[in-house]
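Participant: To start, I am sharing the structure in question, which I have written as structure tokens.
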Amino acid sequence: MTEFLAIDIGASSGRHILGREINGKLVLEEIYRFSNSPLEAGNRLVWNAERLFAEILTGLKRAKEIGRIPRYVGIDTWAVDYALIDGDGKMIDDVVSYRDGRTARVIEKVHERVPFETLYERTGIQFQPFNTVYQLYEDKDSGRLEKAKYMLMLPDYLHYRLTGKMSREYTNATSTGLVNARLRDWDSDIIRALDLPEELFPETQASGTKLGAFSKEIENIVGYSAEIILPATHDTASAVIAAPFGGLYLSSGTWSLLGAEMKQPYTDEKSRRYNYSNEGSLDGVRLQKNIMGLWMIQQIRRETNDAYSFAQLADMARRSANDYLVDVNDNRFLAPANMRAEIEAAVGRSLDTGEIAYCIFSSLAKGYAQAVGEFETITKKKYDSLNIIGGGSKNELLNELTARATGKHIYTGPTEATAIGNLAVQMVSAGVFDGIASARKVIKNSFEIGEIL
């Protein structure tokens with residue numbers, strides 16, 4: 001029986017999940033998990049790409065140890081961050097984290113060359129200070145691009161390390177703010193206007209592309225060979241593939257992303273004003289909005305030295321209901337030195353841990369409701385339900401608050417949506433399913449889906 005392996009790496013953890021089809025159901029088995037977070041390197045926040053790759057190899061070796069060798073493998077990660085590669089194929093410097101804040105000094109410079117209104121009309125990507133377009137311009141401004149011959153989004157870089165072959169998978173490429181939303185290719189006018197090296201932007205590859213087998217070096221390290229199939233390498237794109245109901249989704253994790261799959265992009269003034277993004281999907285775009293997600297509660301847990309589990313924090317919040325609200329999309333919560341202090345400053349008083357947790361969850365729910373209203377205004381369409389997918393779908397309190405705030409019929413699950421979507425693309429490419437519609441039917445039949453009426 002053919003084994004598939006999804007390597008799903010988020011901003012707080014990574015996991016290796018095996019998948020196979022048995023009697024019309026998709027069966028998963030997590031075989032390895034590891035923690036992840038940005039680290040300080042001098043005055044910058046960076047990702048330890050070498051450690052991430054070492055963890056990937058450890059998980060691959062684990063598959064052999066348990067006798068479950070995958071035939072196909074695919075990696076997804078978060079978007080916007082990338083590795084710069086020199087002419088010898090080696091990484092230049094570190095992979096800088098999107099939470100670093102280095103772009104603050106160049107955003108105006110970018111908009112002087114290409115006004116944001118023009119960037120949005122052409123790419124459809126919402127403004128975020130960490131968008132790749134600003135990161136790359138900061139690299140150019142600081143001289144980091146001088147030795148760069150290749151630019152690889154993080155999952156493309158990790159695939160390159162496994163195979164020796166470079167790719168630029170489409171869904172993640174769109175997150176850069178440099179892909180034309182209608183042409184579905186790099187926007188050469190923007191690239192030239194920003195004086196970025198055009199050689200950094202060769203042709204993109206579609207999700208489902210077979211990239212190639214492990215290099216001999218990797219085969220010797222892990223003890224077997226497997227073939228890389230490019231999933232939707234942007235983790236949200238993979239997660240949305242696993243949303244079994246179609247329609248309006250909320251991918252709930254470190255970030256929350258609310259939207260729906262559309263055939264054509266929305267790049268009008270109203271969409272820009274509401275700060276909605278048009279990111280690549282398998283067949284069209286995901287019209288969606290980034291909302292600060294569970295990052296806030298993750299930081300509170302870290303600041304309490306992991307004294308409480310996430311389930312305990314939710315229970316404490318339920319017992320500490322209050323009316324305090326913050327704007328979860330305020331950049332002050334992106335990378336504060338102390339999340340508790342930042343929230344307390346925003347509400348104007350000290351809060352205990354349960355009160356802080358409830359404030360976060362109720363503020364998120366309010367943010368979701370606002371985003372739903374904006375989405376329905378943009379698309380001129382009403383949605384009866386909202387499918388919450390990802391790790392946040394397990395948070396019953398947050399789901400209840402979201403149902404109350406949005407007035408929608410809530411479906412919850414699947415929890416491991418990103419890994420499931422990753423596997424679904426691999427399995428379609430390998431011929432297990434005859435298309436994503438068939439894969440979604442199997443997904444709906446394979447995993448427990450909750451409901452809040």
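How things are named: the first chain in the structure tokens is A, the next is B, and so on; residues count from 1 in each chain; ligands count from 1 in the order shown.
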Which parts of stretch 126-286 of chain A does DSSP call strand (DSSP E) when run on the backbone here, written out as JSON, numbers by chain?
Facilitator: {"A": [150, 151, 152, 153, 179, 180, 185, 186, 210, 211, 212, 213, 227, 228, 229, 249, 250, 251, 252, 255, 256, 257, 258, 259, 260, 261, 262, 277, 278, 279, 280, 281, 284, 285, 286]}
Participant: If you count only C-alpha atoms, which residues fall within 7 Å of A:Phe34, apart from same-chain ones fewer than 3 positions away, as a list in words?
Facilitator: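 The contact residues come out as Ser13, Gly14 and Arg15 of chain A.
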Participant: Output N, CA, C and O atoms for every residue in the selection just made, as a compact mmCIF listing (two decimals), in the first residue's frame.
Facilitator:
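Writing the result to result_8.txt gives the following:
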# COMPACT_ATOMS: atom_id res chain seq x y z
N SER A 13 5.33 24.95 15.47
CA SER A 13 5.68 23.53 15.53
C SER A 13 5.66 22.93 14.13
O SER A 13 5.11 23.51 13.20
N GLY A 14 6.27 21.75 14.03
CA GLY A 14 6.25 21.01 12.77
C GLY A 14 5.88 19.57 13.06
O GLY A 14 6.03 19.09 14.19
N ARG A 15 5.36 18.88 12.04
CA ARG A 15 4.94 17.50 12.23
C ARG A 15 5.11 16.72 10.94
O ARG A 15 5.01 17.28 9.85
Participant: In Å, rounded to a single decimal, give me how far atom CA of A:Lys382 is from atom CA of A:Leu294.
Facilitator: 26.6 Å
Participant: Based on DSSP run over this structure's backbone, return all residues of stretch 147-247 of chain A in helix (DSSP H, G or I), as a JSON list (two decimals) with N, CA and C atoms, in the first residue's frame.
Facilitator:
[["chain", "number", "residue", "atom", "x", "y", "z"],
["A", 154, "LEU", "N", 10.56, 29.35, 1.66],
["A", 154, "LEU", "CA", 11.10, 28.39, 2.61],
["A", 154, "LEU", "C", 10.81, 26.93, 2.25],
["A", 155, "PRO", "N", 9.56, 26.54, 1.91],
["A", 155, "PRO", "CA", 9.35, 25.13, 1.55],
["A", 155, "PRO", "C", 10.07, 24.74, 0.27],
["A", 156, "ASP", "N", 10.20, 25.70, -0.68],
["A", 156, "ASP", "CA", 10.98, 25.41, -1.88],
["A", 156, "ASP", "C", 12.44, 25.15, -1.54],
["A", 157, "TYR", "N", 12.96, 25.92, -0.58],
["A", 157, "TYR", "CA", 14.34, 25.71, -0.14],
["A", 157, "TYR", "C", 14.51, 24.33, 0.49],
["A", 158, "LEU", "N", 13.55, 23.94, 1.33],
["A", 158, "LEU", "CA", 13.65, 22.64, 1.99],
["A", 158, "LEU", "C", 13.52, 21.50, 0.99],
["A", 159, "HIS", "N", 12.67, 21.65, -0.02],
["A", 159, "HIS", "CA", 12.59, 20.65, -1.11],
["A", 159, "HIS", "C", 13.93, 20.60, -1.88],
["A", 160, "TYR", "N", 14.52, 21.76, -2.10],
["A", 160, "TYR", "CA", 15.81, 21.82, -2.77],
["A", 160, "TYR", "C", 16.87, 21.06, -1.98],
["A", 161, "ARG", "N", 16.86, 21.21, -0.66],
["A", 161, "ARG", "CA", 17.84, 20.51, 0.16],
["A", 161, "ARG", "C", 17.65, 18.99, 0.07],
["A", 162, "LEU", "N", 16.43, 18.54, -0.14],
["A", 162, "LEU", "CA", 16.18, 17.10, -0.24],
["A", 162, "LEU", "C", 16.52, 16.54, -1.61],
["A", 163, "THR", "N", 16.35, 17.33, -2.66],
["A", 163, "THR", "CA", 16.46, 16.81, -4.03],
["A", 163, "THR", "C", 17.59, 17.41, -4.85],
["A", 170, "TYR", "N", 3.47, 27.65, -6.93],
["A", 170, "TYR", "CA", 2.65, 28.82, -7.24],
["A", 170, "TYR", "C", 1.95, 29.42, -6.03],
["A", 171, "THR", "N", 1.30, 28.60, -5.17],
["A", 171, "THR", "CA", 0.49, 29.19, -4.10],
["A", 171, "THR", "C", 1.34, 30.04, -3.17],
["A", 172, "ASN", "N", 2.56, 29.59, -2.88],
["A", 172, "ASN", "CA", 3.43, 30.36, -2.00],
["A", 172, "ASN", "C", 4.02, 31.56, -2.72],
["A", 173, "ALA", "N", 4.28, 31.42, -4.01],
["A", 173, "ALA", "CA", 4.80, 32.55, -4.78],
["A", 173, "ALA", "C", 3.84, 33.73, -4.74],
["A", 174, "THR", "N", 2.53, 33.45, -4.76],
["A", 174, "THR", "CA", 1.57, 34.55, -4.77],
["A", 174, "THR", "C", 1.63, 35.37, -3.49],
["A", 188, "SER", "N", 6.41, 41.44, -14.00],
["A", 188, "SER", "CA", 7.72, 41.99, -14.38],
["A", 188, "SER", "C", 7.76, 43.50, -14.25],
["A", 189, "ASP", "N", 6.61, 44.18, -14.42],
["A", 189, "ASP", "CA", 6.60, 45.64, -14.29],
["A", 189, "ASP", "C", 6.94, 46.06, -12.86],
["A", 190, "ILE", "N", 6.36, 45.37, -11.88],
["A", 190, "ILE", "CA", 6.66, 45.68, -10.48],
["A", 190, "ILE", "C", 8.11, 45.35, -10.16],
["A", 191, "ILE", "N", 8.56, 44.19, -10.61],
["A", 191, "ILE", "CA", 9.93, 43.76, -10.33],
["A", 191, "ILE", "C", 10.94, 44.77, -10.89],
["A", 192, "ARG", "N", 10.69, 45.26, -12.11],
["A", 192, "ARG", "CA", 11.60, 46.24, -12.71],
["A", 192, "ARG", "C", 11.51, 47.59, -12.00],
["A", 193, "ALA", "N", 10.30, 47.99, -11.64],
["A", 193, "ALA", "CA", 10.12, 49.27, -10.97],
["A", 193, "ALA", "C", 10.86, 49.30, -9.64],
["A", 198, "GLU", "N", 15.76, 40.30, -11.97],
["A", 198, "GLU", "CA", 14.73, 39.48, -12.59],
["A", 198, "GLU", "C", 15.07, 38.00, -12.57],
["A", 199, "GLU", "N", 16.36, 37.67, -12.47],
["A", 199, "GLU", "CA", 16.75, 36.26, -12.45],
["A", 199, "GLU", "C", 16.27, 35.53, -11.20],
["A", 200, "LEU", "N", 15.85, 36.30, -10.18],
["A", 200, "LEU", "CA", 15.33, 35.68, -8.96],
["A", 200, "LEU", "C", 13.94, 35.08, -9.16],
["A", 216, "LYS", "N", 21.17, 11.42, -3.78],
["A", 216, "LYS", "CA", 21.88, 10.27, -3.23],
["A", 216, "LYS", "C", 22.37, 10.55, -1.81],
["A", 217, "GLU", "N", 22.78, 11.79, -1.55],
["A", 217, "GLU", "CA", 23.24, 12.15, -0.21],
["A", 217, "GLU", "C", 22.13, 11.95, 0.81],
["A", 218, "ILE", "N", 20.94, 12.43, 0.50],
["A", 218, "ILE", "CA", 19.81, 12.30, 1.42],
["A", 218, "ILE", "C", 19.39, 10.84, 1.53],
["A", 219, "GLU", "N", 19.40, 10.12, 0.41],
["A", 219, "GLU", "CA", 19.05, 8.70, 0.43],
["A", 219, "GLU", "C", 19.96, 7.94, 1.39],
["A", 220, "ASN", "N", 21.25, 8.28, 1.38],
["A", 220, "ASN", "CA", 22.20, 7.61, 2.27],
["A", 220, "ASN", "C", 21.95, 7.98, 3.74],
["A", 221, "ILE", "N", 21.50, 9.22, 3.99],
["A", 221, "ILE", "CA", 21.27, 9.67, 5.36],
["A", 221, "ILE", "C", 20.04, 9.01, 5.96],
["A", 222, "VAL", "N", 18.93, 8.99, 5.18],
["A", 222, "VAL", "CA", 17.66, 8.50, 5.76],
["A", 222, "VAL", "C", 17.44, 7.02, 5.50],
["A", 235, "ASP", "N", 0.93, 26.88, 3.70],
["A", 235, "ASP", "CA", 0.15, 26.03, 4.58],
["A", 235, "ASP", "C", -1.35, 26.34, 4.55],
["A", 236, "THR", "N", -1.71, 27.61, 4.41],
["A", 236, "THR", "CA", -3.14, 27.93, 4.35],
["A", 236, "THR", "C", -3.77, 27.39, 3.08],
["A", 237, "ALA", "N", -3.04, 27.45, 1.97],
["A", 237, "ALA", "CA", -3.57, 26.89, 0.72],
["A", 237, "ALA", "C", -3.84, 25.40, 0.88],
["A", 238, "SER", "N", -2.93, 24.70, 1.56],
["A", 238, "SER", "CA", -3.15, 23.27, 1.82],
["A", 238, "SER", "C", -4.35, 23.07, 2.74],
["A", 239, "ALA", "N", -4.45, 23.87, 3.79],
["A", 239, "ALA", "CA", -5.54, 23.71, 4.74],
["A", 239, "ALA", "C", -6.90, 23.89, 4.08],
["A", 240, "VAL", "N", -7.00, 24.86, 3.18],
["A", 240, "VAL", "CA", -8.28, 25.14, 2.54],
["A", 240, "VAL", "C", -8.70, 23.98, 1.63],
["A", 241, "ILE", "N", -7.74, 23.30, 1.05],
["A", 241, "ILE", "CA", -8.05, 22.12, 0.23],
["A", 241, "ILE", "C", -8.80, 21.09, 1.07]]
Participant: Atom CA of A:Val73 and atom CA of A:Glu3, how far apart in Å?
Facilitator: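 Going from atom CA of A:Glu3 over to atom CA of A:Val73 covers 9.0 Å.
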Participant: Can you work out the spacing between atom CA of A:Thr103 and atom CA of A:Gln135 in Å, to one decimal?
Facilitator: 5.9 Å
Participant: Report as a PyMOL selection string all protein, DNA and RNA residues lying within 9 Å of A:Ile7, evaluated on only C-alpha atoms, omitting residues in the same chain fewer than 3 positions from it.
Facilitator: chain A and resi 14-18+56+59+73-77+419+422
